[in-house]
$ cat query_13.txt   # compact mmCIF, N, CA and C atoms
# COMPACT_ATOMS: atom_id res chain seq x y z
N MET A 11 81.71 161.43 104.95
CA MET A 11 80.78 161.76 105.99
C MET A 11 81.37 162.88 106.82
N SER A 12 80.56 163.85 107.10
CA SER A 12 81.02 164.96 107.93
C SER A 12 80.70 164.67 109.39
N TYR A 13 81.45 165.29 110.26
CA TYR A 13 81.22 165.11 111.68
C TYR A 13 80.87 166.44 112.29
N PRO A 14 79.97 166.58 113.19
CA PRO A 14 79.24 165.44 113.74
C PRO A 14 78.27 164.85 112.72
N ALA A 15 78.05 163.55 112.83
CA ALA A 15 77.18 162.83 111.90
C ALA A 15 75.75 163.34 112.04
N SER A 16 75.02 163.24 110.95
CA SER A 16 73.62 163.67 110.99
C SER A 16 72.79 162.67 111.80
N GLU A 17 71.62 163.06 112.16
CA GLU A 17 70.70 162.20 112.92
C GLU A 17 70.40 160.92 112.14
N ASP A 18 70.22 161.04 110.82
CA ASP A 18 69.96 159.86 109.99
C ASP A 18 71.13 158.90 110.01
N ASP A 19 72.35 159.44 109.95
CA ASP A 19 73.54 158.58 110.00
C ASP A 19 73.63 157.85 111.33
N ARG A 20 73.37 158.56 112.40
CA ARG A 20 73.41 157.93 113.72
C ARG A 20 72.34 156.85 113.83
N ASP A 21 71.15 157.10 113.31
CA ASP A 21 70.07 156.10 113.34
C ASP A 21 70.45 154.85 112.56
N ARG A 22 71.08 155.02 111.41
CA ARG A 22 71.51 153.87 110.60
C ARG A 22 72.57 153.06 111.33
N VAL A 23 73.52 153.74 111.95
CA VAL A 23 74.57 153.05 112.69
C VAL A 23 73.98 152.30 113.88
N MET A 24 73.06 152.93 114.59
CA MET A 24 72.42 152.28 115.73
C MET A 24 71.62 151.06 115.30
N ALA A 25 70.92 151.15 114.18
CA ALA A 25 70.15 150.00 113.69
C ALA A 25 71.09 148.87 113.27
N ALA A 26 72.17 149.20 112.59
CA ALA A 26 73.13 148.17 112.18
C ALA A 26 73.75 147.50 113.41
N MET A 27 74.08 148.29 114.40
CA MET A 27 74.64 147.75 115.64
C MET A 27 73.62 146.85 116.34
N ALA A 28 72.37 147.28 116.35
CA ALA A 28 71.32 146.47 116.98
C ALA A 28 71.19 145.12 116.30
N TRP A 29 71.23 145.10 114.97
CA TRP A 29 71.14 143.83 114.24
C TRP A 29 72.35 142.95 114.52
N LEU A 30 73.54 143.53 114.56
CA LEU A 30 74.74 142.76 114.85
C LEU A 30 74.66 142.14 116.24
N VAL A 31 74.28 142.94 117.22
CA VAL A 31 74.15 142.45 118.59
C VAL A 31 73.07 141.37 118.67
N LEU A 32 71.99 141.55 117.92
CA LEU A 32 70.91 140.56 117.93
C LEU A 32 71.40 139.22 117.38
N VAL A 33 72.16 139.24 116.30
CA VAL A 33 72.69 138.00 115.72
C VAL A 33 73.63 137.32 116.72
N ILE A 34 74.52 138.07 117.33
CA ILE A 34 75.43 137.50 118.32
C ILE A 34 74.64 136.93 119.50
N SER A 35 73.62 137.64 119.94
CA SER A 35 72.78 137.17 121.04
C SER A 35 72.05 135.88 120.67
N GLY A 36 71.60 135.79 119.42
CA GLY A 36 70.96 134.55 118.96
C GLY A 36 71.93 133.39 118.97
N LEU A 37 73.17 133.63 118.58
CA LEU A 37 74.18 132.57 118.62
C LEU A 37 74.49 132.18 120.07
N LEU A 38 74.49 133.16 120.97
CA LEU A 38 74.69 132.86 122.38
C LEU A 38 73.54 132.03 122.95
N GLU A 39 72.35 132.19 122.38
CA GLU A 39 71.24 131.34 122.78
C GLU A 39 71.58 129.88 122.51
N SER A 40 72.21 129.62 121.39
CA SER A 40 72.65 128.27 121.05
C SER A 40 73.68 127.77 122.06
N VAL A 41 74.61 128.64 122.44
CA VAL A 41 75.64 128.26 123.41
C VAL A 41 75.00 127.86 124.73
N TRP A 42 74.04 128.69 125.22
CA TRP A 42 73.47 128.33 126.52
C TRP A 42 72.59 127.10 126.44
N ALA A 43 71.93 126.88 125.31
CA ALA A 43 71.09 125.68 125.18
C ALA A 43 71.95 124.42 125.19
N ILE A 44 73.05 124.45 124.47
CA ILE A 44 73.94 123.28 124.44
C ILE A 44 74.61 123.09 125.79
N ALA A 45 75.04 124.17 126.42
CA ALA A 45 75.65 124.07 127.75
C ALA A 45 74.65 123.51 128.76
N LEU A 46 73.40 123.93 128.66
CA LEU A 46 72.37 123.40 129.56
C LEU A 46 72.24 121.89 129.37
N SER A 47 72.24 121.47 128.13
CA SER A 47 72.16 120.04 127.84
C SER A 47 73.36 119.29 128.43
N ARG A 48 74.53 119.88 128.33
CA ARG A 48 75.76 119.24 128.81
C ARG A 48 75.94 119.34 130.32
N SER A 49 75.16 120.19 130.98
CA SER A 49 75.34 120.39 132.43
C SER A 49 74.80 119.23 133.26
N ALA A 50 74.04 118.32 132.65
CA ALA A 50 73.44 117.18 133.37
C ALA A 50 72.62 117.67 134.56
N GLY A 51 71.70 118.59 134.27
CA GLY A 51 70.85 119.12 135.34
C GLY A 51 71.62 119.96 136.34
N PHE A 52 72.60 120.69 135.87
CA PHE A 52 73.46 121.56 136.67
C PHE A 52 74.38 120.78 137.61
N ALA A 53 74.60 119.50 137.32
CA ALA A 53 75.50 118.68 138.13
C ALA A 53 76.96 118.87 137.73
N ARG A 54 77.19 119.34 136.52
CA ARG A 54 78.56 119.55 136.04
C ARG A 54 78.86 121.05 136.07
N PRO A 55 79.87 121.47 136.83
CA PRO A 55 80.11 122.90 137.06
C PRO A 55 80.45 123.71 135.80
N LEU A 56 81.36 123.24 134.97
CA LEU A 56 81.79 124.07 133.84
C LEU A 56 80.66 124.34 132.86
N PRO A 57 79.93 123.32 132.40
CA PRO A 57 78.81 123.64 131.51
C PRO A 57 77.74 124.50 132.19
N SER A 58 77.58 124.34 133.48
CA SER A 58 76.60 125.16 134.22
C SER A 58 77.01 126.62 134.23
N ILE A 59 78.31 126.87 134.39
CA ILE A 59 78.82 128.25 134.37
C ILE A 59 78.69 128.83 132.96
N VAL A 60 79.06 128.04 131.96
CA VAL A 60 78.93 128.50 130.56
C VAL A 60 77.47 128.83 130.28
N PHE A 61 76.57 127.98 130.73
CA PHE A 61 75.14 128.24 130.57
C PHE A 61 74.76 129.59 131.15
N GLY A 62 75.12 129.83 132.40
CA GLY A 62 74.74 131.07 133.07
C GLY A 62 75.29 132.31 132.40
N VAL A 63 76.56 132.27 132.04
CA VAL A 63 77.20 133.43 131.40
C VAL A 63 76.58 133.69 130.03
N ALA A 64 76.42 132.62 129.23
CA ALA A 64 75.85 132.78 127.88
C ALA A 64 74.40 133.25 127.96
N LEU A 65 73.65 132.74 128.92
CA LEU A 65 72.25 133.16 129.08
C LEU A 65 72.16 134.65 129.38
N VAL A 66 72.96 135.10 130.34
CA VAL A 66 72.93 136.52 130.70
C VAL A 66 73.36 137.40 129.53
N LEU A 67 74.44 137.03 128.86
CA LEU A 67 74.91 137.82 127.72
C LEU A 67 73.88 137.83 126.59
N SER A 68 73.25 136.70 126.35
CA SER A 68 72.23 136.62 125.30
C SER A 68 71.05 137.53 125.62
N MET A 69 70.61 137.53 126.86
CA MET A 69 69.47 138.38 127.25
C MET A 69 69.84 139.86 127.24
N VAL A 70 71.04 140.17 127.67
CA VAL A 70 71.49 141.57 127.64
C VAL A 70 71.55 142.06 126.19
N GLY A 71 72.06 141.23 125.31
CA GLY A 71 72.12 141.59 123.89
C GLY A 71 70.74 141.78 123.30
N LEU A 72 69.82 140.88 123.62
CA LEU A 72 68.44 141.02 123.14
C LEU A 72 67.84 142.32 123.66
N GLY A 73 68.07 142.62 124.92
CA GLY A 73 67.56 143.86 125.49
C GLY A 73 68.12 145.09 124.80
N TYR A 74 69.41 145.05 124.48
CA TYR A 74 70.03 146.16 123.76
C TYR A 74 69.39 146.32 122.38
N ALA A 75 69.24 145.22 121.68
CA ALA A 75 68.66 145.28 120.32
C ALA A 75 67.24 145.81 120.35
N LEU A 76 66.49 145.48 121.39
CA LEU A 76 65.10 145.94 121.48
C LEU A 76 64.98 147.44 121.68
N ARG A 77 66.07 148.10 122.01
CA ARG A 77 66.03 149.56 122.11
C ARG A 77 65.82 150.20 120.74
N SER A 78 66.23 149.48 119.67
CA SER A 78 66.15 150.05 118.32
C SER A 78 65.26 149.27 117.36
N LEU A 79 64.96 148.03 117.68
CA LEU A 79 64.22 147.17 116.75
C LEU A 79 62.84 146.84 117.30
N PRO A 80 61.88 146.58 116.42
CA PRO A 80 60.54 146.19 116.88
C PRO A 80 60.60 144.84 117.61
N VAL A 81 59.88 144.74 118.71
CA VAL A 81 59.97 143.55 119.56
C VAL A 81 59.56 142.28 118.82
N GLY A 82 58.51 142.31 118.04
CA GLY A 82 58.06 141.11 117.35
C GLY A 82 59.10 140.58 116.39
N THR A 83 59.67 141.46 115.61
CA THR A 83 60.70 141.08 114.64
C THR A 83 61.97 140.63 115.36
N ALA A 84 62.44 141.42 116.30
CA ALA A 84 63.70 141.12 116.98
C ALA A 84 63.61 139.80 117.74
N TYR A 85 62.53 139.59 118.45
CA TYR A 85 62.41 138.36 119.23
C TYR A 85 62.33 137.15 118.32
N ALA A 86 61.55 137.24 117.25
CA ALA A 86 61.43 136.11 116.32
C ALA A 86 62.78 135.81 115.65
N VAL A 87 63.52 136.83 115.28
CA VAL A 87 64.84 136.63 114.67
C VAL A 87 65.78 136.00 115.68
N TRP A 88 65.78 136.49 116.91
CA TRP A 88 66.64 135.96 117.98
C TRP A 88 66.35 134.48 118.22
N VAL A 89 65.09 134.14 118.35
CA VAL A 89 64.70 132.75 118.57
C VAL A 89 65.07 131.90 117.36
N GLY A 90 64.81 132.41 116.15
CA GLY A 90 65.13 131.66 114.95
C GLY A 90 66.61 131.36 114.82
N ILE A 91 67.43 132.37 115.07
CA ILE A 91 68.88 132.17 115.02
C ILE A 91 69.30 131.15 116.06
N GLY A 92 68.79 131.29 117.27
CA GLY A 92 69.14 130.35 118.33
C GLY A 92 68.68 128.93 118.03
N ALA A 93 67.46 128.79 117.56
CA ALA A 93 66.94 127.45 117.26
C ALA A 93 67.69 126.80 116.10
N ALA A 94 67.90 127.56 115.04
CA ALA A 94 68.58 127.00 113.88
C ALA A 94 70.04 126.66 114.20
N SER A 95 70.74 127.55 114.88
CA SER A 95 72.15 127.27 115.18
C SER A 95 72.29 126.13 116.19
N THR A 96 71.35 126.01 117.11
CA THR A 96 71.38 124.89 118.05
C THR A 96 71.14 123.57 117.31
N ALA A 97 70.18 123.56 116.40
CA ALA A 97 69.91 122.34 115.64
C ALA A 97 71.09 121.95 114.76
N VAL A 98 71.71 122.94 114.11
CA VAL A 98 72.87 122.65 113.27
C VAL A 98 74.03 122.13 114.12
N ALA A 99 74.27 122.76 115.26
CA ALA A 99 75.34 122.29 116.15
C ALA A 99 75.05 120.86 116.62
N GLY A 100 73.80 120.59 116.91
CA GLY A 100 73.44 119.23 117.31
C GLY A 100 73.73 118.22 116.22
N MET A 101 73.42 118.59 115.00
CA MET A 101 73.68 117.69 113.87
C MET A 101 75.18 117.50 113.63
N LEU A 102 75.93 118.60 113.72
CA LEU A 102 77.36 118.54 113.41
C LEU A 102 78.22 117.95 114.52
N PHE A 103 77.87 118.26 115.77
CA PHE A 103 78.77 117.92 116.87
C PHE A 103 78.20 116.95 117.89
N LEU A 104 76.88 116.80 117.93
CA LEU A 104 76.25 116.00 118.99
C LEU A 104 75.56 114.75 118.45
N HIS A 105 75.85 114.41 117.21
CA HIS A 105 75.35 113.18 116.58
C HIS A 105 73.83 113.11 116.51
N GLU A 106 73.18 114.26 116.37
CA GLU A 106 71.74 114.27 116.17
C GLU A 106 71.43 114.03 114.70
N SER A 107 70.24 113.60 114.42
CA SER A 107 69.84 113.27 113.06
C SER A 107 69.98 114.47 112.13
N ALA A 108 70.52 114.21 110.95
CA ALA A 108 70.63 115.24 109.91
C ALA A 108 69.82 114.80 108.69
N SER A 109 68.61 114.35 108.95
CA SER A 109 67.76 113.86 107.87
C SER A 109 67.30 115.01 106.97
N LEU A 110 66.91 114.65 105.78
CA LEU A 110 66.44 115.64 104.82
C LEU A 110 65.27 116.47 105.36
N PRO A 111 64.25 115.85 105.98
CA PRO A 111 63.15 116.67 106.52
C PRO A 111 63.62 117.68 107.58
N ARG A 112 64.58 117.29 108.41
CA ARG A 112 65.11 118.24 109.41
C ARG A 112 65.84 119.39 108.75
N ILE A 113 66.64 119.09 107.75
CA ILE A 113 67.38 120.14 107.05
C ILE A 113 66.43 121.09 106.33
N VAL A 114 65.43 120.53 105.66
CA VAL A 114 64.43 121.37 104.99
C VAL A 114 63.70 122.24 106.02
N SER A 115 63.37 121.68 107.15
CA SER A 115 62.71 122.46 108.20
C SER A 115 63.58 123.60 108.69
N LEU A 116 64.86 123.34 108.85
CA LEU A 116 65.79 124.41 109.25
C LEU A 116 65.87 125.50 108.19
N LEU A 117 65.88 125.10 106.94
CA LEU A 117 65.91 126.10 105.86
C LEU A 117 64.65 126.96 105.89
N LEU A 118 63.53 126.36 106.25
CA LEU A 118 62.30 127.15 106.37
C LEU A 118 62.39 128.14 107.53
N VAL A 119 63.00 127.74 108.64
CA VAL A 119 63.20 128.66 109.76
C VAL A 119 64.09 129.83 109.31
N VAL A 120 65.18 129.51 108.63
CA VAL A 120 66.09 130.55 108.14
C VAL A 120 65.37 131.48 107.16
N ALA A 121 64.57 130.91 106.27
CA ALA A 121 63.80 131.73 105.33
C ALA A 121 62.84 132.65 106.07
N GLY A 122 62.22 132.14 107.12
CA GLY A 122 61.32 132.97 107.92
C GLY A 122 62.04 134.12 108.60
N VAL A 123 63.22 133.84 109.14
CA VAL A 123 64.02 134.88 109.79
C VAL A 123 64.42 135.95 108.77
N ILE A 124 64.86 135.53 107.61
CA ILE A 124 65.24 136.49 106.56
C ILE A 124 64.02 137.31 106.15
N GLY A 125 62.87 136.65 106.00
CA GLY A 125 61.64 137.36 105.63
C GLY A 125 61.26 138.40 106.67
N LEU A 126 61.39 138.05 107.96
CA LEU A 126 61.07 139.03 109.00
C LEU A 126 61.99 140.24 108.95
N LYS A 127 63.26 140.00 108.63
CA LYS A 127 64.21 141.10 108.55
C LYS A 127 63.89 141.99 107.33
N LEU A 128 63.61 141.33 106.19
CA LEU A 128 63.40 142.09 104.96
C LEU A 128 62.07 142.84 104.93
N PHE A 129 61.04 142.26 105.52
CA PHE A 129 59.69 142.81 105.38
C PHE A 129 59.19 143.45 106.67
N ARG A 130 60.08 143.95 107.48
CA ARG A 130 59.64 144.58 108.73
C ARG A 130 59.06 145.88 108.41

$ encode --input "query_13.txt" --output "structure tokens"
Amino acid sequence: MSYPASEDDRDRVMAAMAWLVLVISGLLESVWAIALSRSAGFARPLPSIVFGVALVLSMVGLGYALRSLPVGTAYAVWVGIGAASTAVAGMLFLHESASLPRIVSLLLVVAGVIGLKLFR
């Protein structure tokens, strides 16, 4: 690659960065959802602080990604990642049900997120 990079190269890098930030922001959505659950209605300080920090970082990341990605696709992917990762964390660490119908439902969410990314 020659420098300065071409406009197409910069656009590809920006899009890749936007997707990376969107995935991280979706995972942060899971962090704030679990922290909110653990905060006992904001009565416990540490989970409440984790909730606030993760929420802000998640929203900032979503906002950054929306500079380069279509809002419908980006928002759906962000929500899907957050919902799926929160459900998986609940199953693995919070003793929530890991029944076959729940797992199949999660796989459908993941398939939908992948479809939105591929067919945008």

$ select_by_dssp --input "query_13.txt" --residues "chain A" --states "helix (DSSP H, G or I)" --output "count of residues only"
95

$ closest_residue --input "query_13.txt" --among "A:Ala15, A:Glu39, A:Leu56, A:Met24" --to "A:Val89" --atoms "all atoms listed in the file"
A:Glu39

$ residues_around --input "query_13.txt" --residues "A:Leu79" --least-positions-apart "3" --cutoff "12 Å" --atoms "only C-alpha atoms" --output "list in words"
Asp21, Arg22, Met24, Ala25, Ala26, Met27, Ala28, Trp29, Leu30, Val31, Leu32, Leu72, Gly73, Tyr74, Ala75, Leu76, Gly82, Thr83, Ala84, Tyr85, Ala86, Val87, Trp88, Leu126, Lys127 and Arg130 of chain A

$ residues_around --input "query_13.txt" --residues "A:Val60" --least-positions-apart "5" --cutoff "8 Å" --atoms "only C-alpha atoms" --output "MDAnalysis selection string"
chainID A and resid 41:42 45

$ axis_aligned_box --input "query_13.txt" --around "stretch 40-56 of chain A" --padding-each-side "5 Å" --output "JSON"
{"center_x": 76.3, "center_y": 123.4, "center_z": 129.6, "size_x": 20.9, "size_y": 22.4, "size_z": 27.1}
